[in-house]
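Structure file start.pdb (PDB, C-alpha atoms) is printed below.
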ATOM      1  CA  MET K  25     149.710  79.665 104.748
ATOM      2  CA  THR K  26     150.005  79.220 101.044
ATOM      3  CA  GLU K  27     147.620  76.576  99.858
ATOM      4  CA  THR K  28     147.356  76.443  96.116
ATOM      5  CA  LEU K  29     150.939  75.706  95.300
ATOM      6  CA  SER K  30     152.177  74.273  98.534
ATOM      7  CA  SER K  31     153.146  70.800  97.406
ATOM      8  CA  ASP K  32     155.538  72.205  94.831
ATOM      9  CA  LEU K  33     157.339  74.659  97.050
ATOM     10  CA  PRO K  34     160.833  74.038  98.422
ATOM     11  CA  ASP K  35     161.108  73.525 102.175
ATOM     12  CA  GLY K  36     160.859  76.701 104.182
ATOM     13  CA  LEU K  37     159.772  78.929 101.323
ATOM     14  CA  GLN K  38     156.171  79.156 102.494
ATOM     15  CA  GLU K  39     157.341  80.290 105.929
ATOM     16  CA  ARG K  40     159.634  82.897 104.405
ATOM     17  CA  ILE K  41     156.815  84.262 102.243
ATOM     18  CA  LEU K  42     154.577  84.426 105.307
ATOM     19  CA  ARG K  43     157.226  86.336 107.288
ATOM     20  CA  VAL K  44     157.775  88.812 104.427
ATOM     21  CA  LEU K  45     154.037  89.500 104.280
ATOM     22  CA  GLU K  46     153.696  89.765 108.067
ATOM     23  CA  ARG K  47     156.571  92.197 108.191
ATOM     24  CA  ALA K  48     155.056  94.275 105.371
ATOM     25  CA  CYS K  49     151.749  94.312 107.280
ATOM     26  CA  ASP K  50     153.510  95.362 110.497
ATOM     27  CA  GLU K  51     155.353  98.177 108.737
ATOM     28  CA  GLY K  52     152.246  99.247 106.833
ATOM     29  CA  ILE K  53     153.940  98.949 103.457
ATOM     30  CA  LEU K  54     152.782  97.399 100.206
ATOM     31  CA  LEU K  55     154.646  95.057  97.886
ATOM     32  CA  ALA K  56     154.583  94.779  94.093
ATOM     33  CA  THR K  57     156.011  92.426  91.478
ATOM     34  CA  ALA K  58     157.245  92.881  87.909
ATOM     35  CA  GLU K  59     157.585  89.461  86.322
ATOM     36  CA  SER K  60     158.566  88.211  82.932
ATOM     37  CA  CYS K  61     159.833  84.608  82.954
ATOM     38  CA  THR K  62     157.962  83.688  86.132
ATOM     39  CA  GLY K  63     154.728  84.950  84.574
ATOM     40  CA  GLY K  64     152.904  85.912  87.776
ATOM     41  CA  LEU K  65     154.050  83.005  89.932
ATOM     42  CA  LEU K  66     155.648  85.259  92.548
ATOM     43  CA  ALA K  67     152.520  87.410  92.719
ATOM     44  CA  SER K  68     150.330  84.342  93.049
ATOM     45  CA  LEU K  69     152.368  83.148  96.042
ATOM     46  CA  LEU K  70     152.306  86.559  97.725
ATOM     47  CA  THR K  71     148.504  86.520  97.475
ATOM     48  CA  ASP K  72     148.048  82.917  98.582
ATOM     49  CA  VAL K  73     148.276  83.592 102.315
ATOM     50  CA  ASP K  74     145.202  84.008 104.484
ATOM     51  CA  GLY K  75     145.032  87.293 106.316
ATOM     52  CA  CYS K  76     148.301  88.770 105.056
ATOM     53  CA  SER K  77     147.722  89.118 101.366
ATOM     54  CA  HIS K  78     146.494  92.712 101.769
ATOM     55  CA  ALA K  79     150.156  93.677 101.990
ATOM     56  CA  PHE K  80     150.259  93.018  98.250
ATOM     57  CA  ASP K  81     149.369  95.952  96.011
ATOM     58  CA  ARG K  82     149.678  94.751  92.431
ATOM     59  CA  GLY K  83     151.668  92.710  89.974
ATOM     60  CA  PHE K  84     152.802  93.428  86.439
ATOM     61  CA  VAL K  85     153.151  90.315  84.292
ATOM     62  CA  VAL K  86     155.147  91.783  81.423
ATOM     63  CA  TYR K  87     155.766  88.842  79.162
ATOM     64  CA  THR K  88     156.347  90.748  75.926
ATOM     65  CA  ASP K  89     158.765  93.627  75.346
ATOM     66  CA  GLU K  90     155.783  95.799  74.490
ATOM     67  CA  ALA K  91     154.276  95.041  77.890
ATOM     68  CA  LYS K  92     157.568  95.986  79.569
ATOM     69  CA  ARG K  93     157.507  99.312  77.746
ATOM     70  CA  GLN K  94     153.842 100.117  78.207
ATOM     71  CA  MET K  95     153.246  98.860  81.745
ATOM     72  CA  LEU K  96     156.580  99.702  83.341
ATOM     73  CA  GLY K  97     158.083 102.372  81.105
ATOM     74  CA  VAL K  98     161.151 100.335  80.171
ATOM     75  CA  PRO K  99     162.735 102.365  77.327
ATOM     76  CA  ALA K 100     162.510 100.758  73.867
ATOM     77  CA  ASP K 101     166.151 101.505  73.091
ATOM     78  CA  MET K 102     167.240  99.839  76.333
ATOM     79  CA  LEU K 103     165.360  96.680  75.362
ATOM     80  CA  GLU K 104     166.879  96.797  71.907
ATOM     81  CA  ARG K 105     170.423  97.449  73.060
ATOM     82  CA  HIS K 106     170.610  95.138  76.086
ATOM     83  CA  SER K 107     167.751  92.664  75.412
ATOM     84  CA  ALA K 108     164.998  91.970  77.906
ATOM     85  CA  VAL K 109     167.199  89.632  79.940
ATOM     86  CA  SER K 110     169.724  92.158  81.238
ATOM     87  CA  LYS K 111     170.717  94.170  84.271
ATOM     88  CA  PRO K 112     169.394  97.541  83.020
ATOM     89  CA  VAL K 113     166.011  96.068  82.109
ATOM     90  CA  ALA K 114     165.676  94.274  85.460
ATOM     91  CA  ILE K 115     166.409  97.540  87.264
ATOM     92  CA  ALA K 116     164.041  99.512  85.025
ATOM     93  CA  MET K 117     161.285  96.967  85.625
ATOM     94  CA  ALA K 118     161.603  97.163  89.416
ATOM     95  CA  GLU K 119     161.758 100.954  89.395
ATOM     96  CA  GLY K 120     158.880 101.116  86.929
ATOM     97  CA  ALA K 121     156.768  98.976  89.231
ATOM     98  CA  ILE K 122     157.405 101.395  92.100
ATOM     99  CA  ALA K 123     156.717 104.420  89.893
ATOM    100  CA  SER K 124     153.454 102.882  88.612
ATOM    101  CA  SER K 125     152.044 101.669  91.917
ATOM    102  CA  SER K 126     151.564 102.442  95.583
ATOM    103  CA  ALA K 127     154.080  99.805  96.593
ATOM    104  CA  GLU K 128     157.064 100.557  98.788
ATOM    105  CA  ILE K 129     159.109  97.616  97.499
ATOM    106  CA  ALA K 130     159.027  95.895  94.104
ATOM    107  CA  VAL K 131     160.924  92.856  92.868
ATOM    108  CA  SER K 132     161.502  92.268  89.150
ATOM    109  CA  ILE K 133     162.382  88.999  87.417
ATOM    110  CA  THR K 134     163.467  88.660  83.790
ATOM    111  CA  GLY K 135     165.247  85.617  82.421
ATOM    112  CA  PHE K 136     165.272  82.496  80.318
ATOM    113  CA  ALA K 137     163.193  79.856  82.098
ATOM    114  CA  GLY K 138     163.956  77.390  79.354
ATOM    115  CA  PRO K 139     164.434  75.647  77.130
ATOM    116  CA  GLY K 140     167.633  77.316  75.940
ATOM    117  CA  GLY K 141     168.771  77.988  72.390
ATOM    118  CA  GLU K 142     169.106  80.905  69.995
ATOM    119  CA  GLY K 143     171.028  83.091  72.392
ATOM    120  CA  ALA K 144     168.864  82.106  75.349
ATOM    121  CA  GLU K 145     170.956  80.595  78.135
ATOM    122  CA  GLU K 146     168.557  78.438  80.139
ATOM    123  CA  GLY K 147     168.547  79.510  83.756
ATOM    124  CA  LEU K 148     170.080  82.966  83.227
ATOM    125  CA  VAL K 149     167.925  85.410  85.182
ATOM    126  CA  HIS K 150     168.297  89.065  86.141
ATOM    127  CA  PHE K 151     166.518  90.404  89.217
ATOM    128  CA  GLY K 152     165.891  93.908  90.463
ATOM    129  CA  CYS K 153     164.603  95.119  93.808
ATOM    130  CA  ALA K 154     163.534  98.735  94.221
ATOM    131  CA  ARG K 155     162.495 100.495  97.410
ATOM    132  CA  ARG K 156     161.429 104.125  97.604
ATOM    133  CA  GLY K 157     164.319 106.319  98.705
ATOM    134  CA  ARG K 158     166.957 103.601  98.357
ATOM    135  CA  GLU K 159     169.300 102.480  95.644
ATOM    136  CA  THR K 160     167.870  99.703  93.506
ATOM    137  CA  VAL K 161     169.535  96.339  93.903
ATOM    138  CA  HIS K 162     170.446  94.055  90.988
ATOM    139  CA  ARG K 163     171.227  90.369  91.036
ATOM    140  CA  GLU K 164     172.229  88.002  88.244
ATOM    141  CA  GLU K 165     171.809  84.260  88.612
ATOM    142  CA  ARG K 166     172.745  81.314  86.432
ATOM    143  CA  PHE K 167     170.542  78.517  87.712
ATOM    144  CA  GLY K 168     171.489  76.216  84.849
ATOM    145  CA  ALA K 169     169.351  73.829  82.828
ATOM    146  CA  LEU K 170     166.898  72.884  85.560
ATOM    147  CA  GLY K 171     163.911  72.843  83.221
ATOM    148  CA  ARG K 172     161.245  75.487  83.093
ATOM    149  CA  GLY K 173     159.638  74.551  86.399
ATOM    150  CA  GLY K 174     162.946  74.249  88.232
ATOM    151  CA  VAL K 175     164.209  77.610  87.038
ATOM    152  CA  ARG K 176     160.968  79.334  87.936
ATOM    153  CA  LEU K 177     161.000  77.969  91.474
ATOM    154  CA  ARG K 178     164.617  79.095  91.968
ATOM    155  CA  CYS K 179     163.530  82.527  90.713
ATOM    156  CA  ILE K 180     160.836  82.654  93.401
ATOM    157  CA  GLU K 181     163.385  81.836  96.097
ATOM    158  CA  THR K 182     165.683  84.635  94.930
ATOM    159  CA  GLY K 183     162.731  87.031  94.677
ATOM    160  CA  VAL K 184     161.721  86.313  98.267
ATOM    161  CA  THR K 185     165.346  86.776  99.380
ATOM    162  CA  LEU K 186     165.388  90.215  97.759
ATOM    163  CA  TYR K 187     162.258  91.291  99.657
ATOM    164  CA  GLU K 188     163.838  89.991 102.868
ATOM    165  CA  GLU K 189     167.061  91.879 102.285
ATOM    166  CA  MET K 190     165.310  95.104 101.306
ATOM    167  CA  MET K 191     163.206  94.973 104.486
ATOM    168  CA  THR K 192     166.189  94.947 106.826
TER     169      THR K 192
ATOM    170  CA  MET X  20     153.689  71.153  79.239
ATOM    171  CA  THR X  21     153.225  73.063  82.431
ATOM    172  CA  GLU X  22     155.947  72.116  84.850
ATOM    173  CA  THR X  23     156.020  74.376  87.856
ATOM    174  CA  LEU X  24     152.573  73.721  89.152
ATOM    175  CA  SER X  25     151.741  70.439  87.528
ATOM    176  CA  SER X  26     151.302  68.282  90.603
ATOM    177  CA  ASP X  27     148.580  70.560  91.922
ATOM    178  CA  LEU X  28     146.533  70.792  88.772
ATOM    179  CA  PRO X  29     143.273  68.905  88.290
ATOM    180  CA  ASP X  30     143.289  66.166  85.660
ATOM    181  CA  GLY X  31     143.126  67.424  82.128
ATOM    182  CA  LEU X  32     143.669  71.089  82.950
ATOM    183  CA  GLN X  33     147.252  71.117  81.668
ATOM    184  CA  GLU X  34     146.110  69.696  78.358
ATOM    185  CA  ARG X  35     143.342  72.268  78.084
ATOM    186  CA  ILE X  36     145.786  75.106  78.780
ATOM    187  CA  LEU X  37     148.126  73.708  76.138
ATOM    188  CA  ARG X  38     145.329  73.546  73.569
ATOM    189  CA  VAL X  39     144.224  77.129  74.311
ATOM    190  CA  LEU X  40     147.789  78.351  73.786
ATOM    191  CA  GLU X  41     148.291  76.284  70.625
ATOM    192  CA  ARG X  42     145.075  77.612  69.208
ATOM    193  CA  ALA X  43     146.071  81.196  70.043
ATOM    194  CA  CYS X  44     149.436  80.588  68.341
ATOM    195  CA  ASP X  45     147.719  79.144  65.271
ATOM    196  CA  GLU X  46     145.337  82.091  65.038
ATOM    197  CA  GLY X  47     148.110  84.593  65.703
ATOM    198  CA  ILE X  48     146.301  86.160  68.634
ATOM    199  CA  LEU X  49     147.526  87.151  72.084
ATOM    200  CA  LEU X  50     145.928  86.474  75.452
ATOM    201  CA  ALA X  51     145.827  88.606  78.599
ATOM    202  CA  THR X  52     144.659  88.165  82.176
ATOM    203  CA  ALA X  53     143.164  90.513  84.772
ATOM    204  CA  GLU X  54     143.300  88.781  88.138
ATOM    205  CA  SER X  55     142.330  89.750  91.638
ATOM    206  CA  CYS X  56     141.687  86.759  93.906
ATOM    207  CA  THR X  57     143.856  84.389  91.872
ATOM    208  CA  GLY X  58     146.740  86.841  92.130
ATOM    209  CA  GLY X  59     148.558  85.915  88.922
ATOM    210  CA  LEU X  60     148.021  82.161  89.082
ATOM    211  CA  LEU X  61     146.228  82.036  85.724
ATOM    212  CA  ALA X  62     148.984  84.098  84.079
ATOM    213  CA  SER X  63     151.647  81.870  85.594
ATOM    214  CA  LEU X  64     150.000  78.791  84.091
ATOM    215  CA  LEU X  65     149.600  80.391  80.667
ATOM    216  CA  THR X  66     153.340  81.131  80.666
ATOM    217  CA  ASP X  67     154.441  77.744  81.983
ATOM    218  CA  VAL X  68     154.316  75.937  78.654
ATOM    219  CA  ASP X  69     157.394  75.415  76.503
ATOM    220  CA  GLY X  70     157.124  76.822  73.027
ATOM    221  CA  CYS X  71     153.611  78.227  73.298
ATOM    222  CA  SER X  72     153.907  80.857  75.955
ATOM    223  CA  HIS X  73     154.550  83.581  73.360
ATOM    224  CA  ALA X  74     150.796  83.611  72.814
ATOM    225  CA  PHE X  75     150.597  85.377  76.155
ATOM    226  CA  ASP X  76     150.879  89.163  76.072
ATOM    227  CA  ARG X  77     150.584  90.395  79.641
ATOM    228  CA  GLY X  78     148.808  90.019  82.949
ATOM    229  CA  PHE X  79     147.377  92.554  85.351
ATOM    230  CA  VAL X  80     147.404  91.419  88.974
ATOM    231  CA  VAL X  81     145.044  93.986  90.438
ATOM    232  CA  TYR X  82     144.800  93.003  94.058
ATOM    233  CA  THR X  83     143.731  96.371  95.457
ATOM    234  CA  ASP X  84     140.854  98.559  94.287
ATOM    235  CA  GLU X  85     143.383 101.256  93.459
ATOM    236  CA  ALA X  86     145.196  98.820  91.153
ATOM    237  CA  LYS X  87     141.895  97.973  89.441
ATOM    238  CA  ARG X  88     141.297 101.678  88.829
ATOM    239  CA  GLN X  89     144.808 102.613  87.770
ATOM    240  CA  MET X  90     145.805  99.560  85.733
ATOM    241  CA  LEU X  91     142.474  98.677  84.137
ATOM    242  CA  GLY X  92     140.426 101.874  84.327
ATOM    243  CA  VAL X  93     137.682 100.386  86.511
ATOM    244  CA  PRO X  94     135.646 103.435  87.596
ATOM    245  CA  ALA X  95     135.949 104.369  91.272
ATOM    246  CA  ASP X  96     132.188 104.838  91.644
ATOM    247  CA  MET X  97     131.559 101.383  90.181
ATOM    248  CA  LEU X  98     133.868  99.844  92.781
ATOM    249  CA  GLU X  99     132.154 101.813  95.512
ATOM    250  CA  ARG X 100     128.626 101.040  94.394
ATOM    251  CA  HIS X 101     128.983  97.375  93.450
ATOM    252  CA  SER X 102     132.153  96.334  95.331
ATOM    253  CA  ALA X 103     135.127  94.712  93.639
ATOM    254  CA  VAL X 104     133.442  91.292  93.603
ATOM    255  CA  SER X 105     130.618  92.041  91.194
ATOM    256  CA  LYS X 106     129.488  91.571  87.611
ATOM    257  CA  PRO X 107     130.179  95.134  86.450
ATOM    258  CA  VAL X 108     133.688  95.121  87.892
ATOM    259  CA  ALA X 109     134.506  91.726  86.340
ATOM    260  CA  ILE X 110     133.352  93.027  82.956
ATOM    261  CA  ALA X 111     135.235  96.315  83.360
ATOM    262  CA  MET X 112     138.396  94.418  84.307
ATOM    263  CA  ALA X 113     138.270  92.192  81.212
ATOM    264  CA  GLU X 114     137.492  95.096  78.905
ATOM    265  CA  GLY X 115     140.177  97.213  80.586
ATOM    266  CA  ALA X 116     142.732  94.484  79.969
ATOM    267  CA  ILE X 117     141.876  94.479  76.262
ATOM    268  CA  ALA X 118     141.950  98.273  76.076
ATOM    269  CA  SER X 119     145.324  98.410  77.852
ATOM    270  CA  SER X 120     147.090  95.672  75.915
ATOM    271  CA  SER X 121     147.646  94.079  72.533
ATOM    272  CA  ALA X 122     145.643  91.028  73.512
ATOM    273  CA  GLU X 123     142.711  89.772  71.498
ATOM    274  CA  ILE X 124     141.100  87.954  74.436
ATOM    275  CA  ALA X 125     141.272  88.739  78.158
ATOM    276  CA  VAL X 126     139.820  86.858  81.103
ATOM    277  CA  SER X 127     139.147  88.581  84.429
ATOM    278  CA  ILE X 128     138.707  86.981  87.854
ATOM    279  CA  THR X 129     137.492  88.776  90.979
ATOM    280  CA  GLY X 130     136.158  86.996  94.017
ATOM    281  CA  PHE X 131     136.519  85.867  97.585
ATOM    282  CA  ALA X 132     139.087  83.072  97.703
ATOM    283  CA  GLY X 133     138.573  82.705 101.416
ATOM    284  CA  PRO X 134     138.287  82.657 104.257
ATOM    285  CA  GLY X 135     134.800  84.178 104.340
ATOM    286  CA  GLY X 136     133.355  86.677 106.786
ATOM    287  CA  GLU X 137     132.425  90.371 106.905
ATOM    288  CA  GLY X 138     130.330  90.276 103.763
ATOM    289  CA  ALA X 139     132.772  88.023 101.948
ATOM    290  CA  GLU X 140     131.100  84.824 100.803
ATOM    291  CA  GLU X 141     133.926  82.313 100.424
ATOM    292  CA  GLY X 142     133.975  80.920  96.907
ATOM    293  CA  LEU X 143     131.870  83.655  95.294
ATOM    294  CA  VAL X 144     133.700  84.694  92.138
ATOM    295  CA  HIS X 145     132.803  86.869  89.153
ATOM    296  CA  PHE X 146     134.496  86.299  85.812
ATOM    297  CA  GLY X 147     134.622  88.330  82.627
ATOM    298  CA  CYS X 148     135.889  87.412  79.185
ATOM    299  CA  ALA X 149     136.369  90.130  76.577
ATOM    300  CA  ARG X 150     137.289  89.691  72.917
ATOM    301  CA  ARG X 151     137.763  92.544  70.483
ATOM    302  CA  GLY X 152     134.622  93.082  68.423
ATOM    303  CA  ARG X 153     132.445  90.785  70.522
ATOM    304  CA  GLU X 154     130.170  91.196  73.484
ATOM    305  CA  THR X 155     131.915  90.625  76.795
ATOM    306  CA  VAL X 156     130.829  87.516  78.650
ATOM    307  CA  HIS X 157     130.151  87.384  82.406
ATOM    308  CA  ARG X 158     129.990  84.374  84.680
ATOM    309  CA  GLU X 159     129.218  84.117  88.378
ATOM    310  CA  GLU X 160     130.254  81.068  90.349
ATOM    311  CA  ARG X 161     129.682  79.973  93.931
ATOM    312  CA  PHE X 162     132.373  77.393  94.524
ATOM    313  CA  GLY X 163     131.662  77.215  98.241
ATOM    314  CA  ALA X 164     134.033  76.956 101.186
ATOM    315  CA  LEU X 165     136.761  74.962  99.467
ATOM    316  CA  GLY X 166     139.584  76.850 101.155
ATOM    317  CA  ARG X 167     141.771  79.394  99.475
ATOM    318  CA  GLY X 168     143.695  76.893  97.366
ATOM    319  CA  GLY X 169     140.581  75.005  96.291
ATOM    320  CA  VAL X 170     138.717  78.132  95.253
ATOM    321  CA  ARG X 171     141.699  79.435  93.314
ATOM    322  CA  LEU X 172     142.071  76.209  91.349
ATOM    323  CA  ARG X 173     138.370  76.185  90.479
ATOM    324  CA  CYS X 174     138.813  79.782  89.302
ATOM    325  CA  ILE X 175     141.591  78.668  86.961
ATOM    326  CA  GLU X 176     139.358  75.956  85.481
ATOM    327  CA  THR X 177     136.589  78.471  84.806
ATOM    328  CA  GLY X 178     139.084  80.950  83.371
ATOM    329  CA  VAL X 179     140.396  78.354  80.929
ATOM    330  CA  THR X 180     136.820  77.443  79.973
ATOM    331  CA  LEU X 181     136.137  81.080  79.149
ATOM    332  CA  TYR X 182     139.146  81.260  76.802
ATOM    333  CA  GLU X 183     137.975  78.027  75.148
ATOM    334  CA  GLU X 184     134.447  79.325  74.652
ATOM    335  CA  MET X 185     135.619  82.701  73.329
ATOM    336  CA  MET X 186     137.887  80.981  70.797
ATOM    337  CA  THR X 187     135.078  79.029  69.132
TER     338      THR X 187
END

Go ahead and express the file in the form of structure tokens.
Amino acid sequence: MTETLSSDLPDGLQERILRVLERACDEGILLATAESCTGGLLASLLTDVDGCSHAFDRGFVVYTDEAKRQMLGVPADMLERHSAVSKPVAIAMAEGAIASSSAEIAVSITGFAGPGGEGAEEGLVHFGCARRGRETVHREERFGALGRGGVRLRCIETGVTLYEEMMT
Amino acid sequence: MTETLSSDLPDGLQERILRVLERACDEGILLATAESCTGGLLASLLTDVDGCSHAFDRGFVVYTDEAKRQMLGVPADMLERHSAVSKPVAIAMAEGAIASSSAEIAVSITGFAGPGGEGAEEGLVHFGCARRGRETVHREERFGALGRGGVRLRCIETGVTLYEEMMT
């Protein structure tokens, strides 16, 4: 089970993460992450489970726009036109993570964890989930002004949901 | 301040992370991470601080050997000869993170978070810290059988110490 972060996790989330990893192990597939506002938190949870963490391939923590371009191939003009917190960028991040890894499924997270201001709506987050041979899924969430920690934890829940849905 | 993970952090660690980020902001430099056994936990803490997280450039969560090779340029024969948990690999990871980013300073973490067995000594961790124009630092720690969560948190403390030392 997850150990490092357990006391902060919402009820049931640890079990869901464990089931996602067990299922990935059973199917012999690898998972990847492409994270901006969560900064590696999803990856750290997917690697915090004894025995199952070898279902995790790699994580891209792409905090800056330059990192999104260089690590995941997100086009510069897309970032300029739509901003980093947008549907096209979330999709490009997830697909870039698949293209740049051995993973079968990748989840991307890009949003405003908070605080808000200057065009940043606290709690607005775009997610992508890409699986080889399938259409990439997009999701937009407005978690509201839950504070940085609150928004990030809600992001993790949605990220885990996307893995679950893409594995069915 | 860090919010998401705060209740799990050892006393004083949040403040140290905040000071590292403030100092990076003041100096106009960017930080990067290259993490194996901590799986993105260090990156998630460095991006969990309001107002200062823009001092973070990117993080490489290189859980598999293939990820270490492809994302950070760690030579395949080095991984084969020394194994992923070794001084040369820790150094190559930190230097690879600098070479593959805009960061001025990168910390790498590669070790056995636990449980032990089959040649894996629980709590054995190698760290690297690279800064442009300086000699890369290596550190080896034997944290012992603290459990996966305990080892990972000790890794974060050492990682933060390495940033502090490289910034003086």

Closest-contact table, chain K side, partner chain X, 6 Å, counting all atoms listed in the file, as CSV:
residue,atom,partner,partner_atom,distance
K:Glu27,CA,X:Gly168,CA,4.7
K:Thr28,CA,X:Gly168,CA,3.9
K:Gly63,CA,X:Ser63,CA,4.5
K:Gly64,CA,X:Gly59,CA,4.5
K:Leu65,CA,X:Ser63,CA,5.1
K:Ala67,CA,X:Gly59,CA,5.7
K:Ser68,CA,X:Gly58,CA,4.5
K:Thr71,CA,X:Gly58,CA,5.6
K:Asp81,CA,X:Thr83,CA,5.7
K:Arg82,CA,X:Val81,CA,5.1
K:Gly83,CA,X:Val80,CA,4.6
K:Phe84,CA,X:Phe79,CA,5.6
K:Val85,CA,X:Gly78,CA,4.6
K:Val86,CA,X:Arg77,CA,5.1
K:Tyr87,CA,X:Arg77,CA,5.4
K:Thr88,CA,X:Asp76,CA,5.7
K:Gly173,CA,X:Thr23,CA,3.9

- prompt: Skipping near chain neighbours, those fewer than 5 positions away, what residues fall within 10 Å of segment 145-160 of chain K using all atoms listed in the file, listed as a ChimeraX atom specification?
  reply: /K:55-59,61,108-123,127-140,165-172,174-176,178-179,182-183,186-187,189-191

task: Using atom CA of Gly31 of chain X and atom CA of Glu159 of chain X as the two end points, give the distance in Å to one decimal.
output: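 Between atom CA of Gly31 of chain X and atom CA of Glu159 of chain X the gap works out to 22.6 Å.
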
- request: Mind giving me the straight-line distance from atom CA of Asp50 of chain K to atom CA of Thr192 of chain K in Å, one decimal?
  value: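 Interatomic distance, atom CA of Asp50 of chain K to atom CA of Thr192 of chain K: 13.2 Å.
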
Could you work out an axis-aligned bounding box for all listed atoms of segment 65-73 of chain X, with 3 Å added on each of the six sides, and give its centre and edge lengths in Å to one decimal, as JSON?
{"center_x": 153.5, "center_y": 79.5, "center_z": 77.5, "size_x": 13.8, "size_y": 14.2, "size_z": 15.0}

task: Using atom CA of Ala95 of chain X and atom CA of Leu96 of chain K as the two end points, give the distance in Å to one decimal.
output: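 Straight-line distance from atom CA of Ala95 of chain X to atom CA of Leu96 of chain K works out to 22.6 Å.
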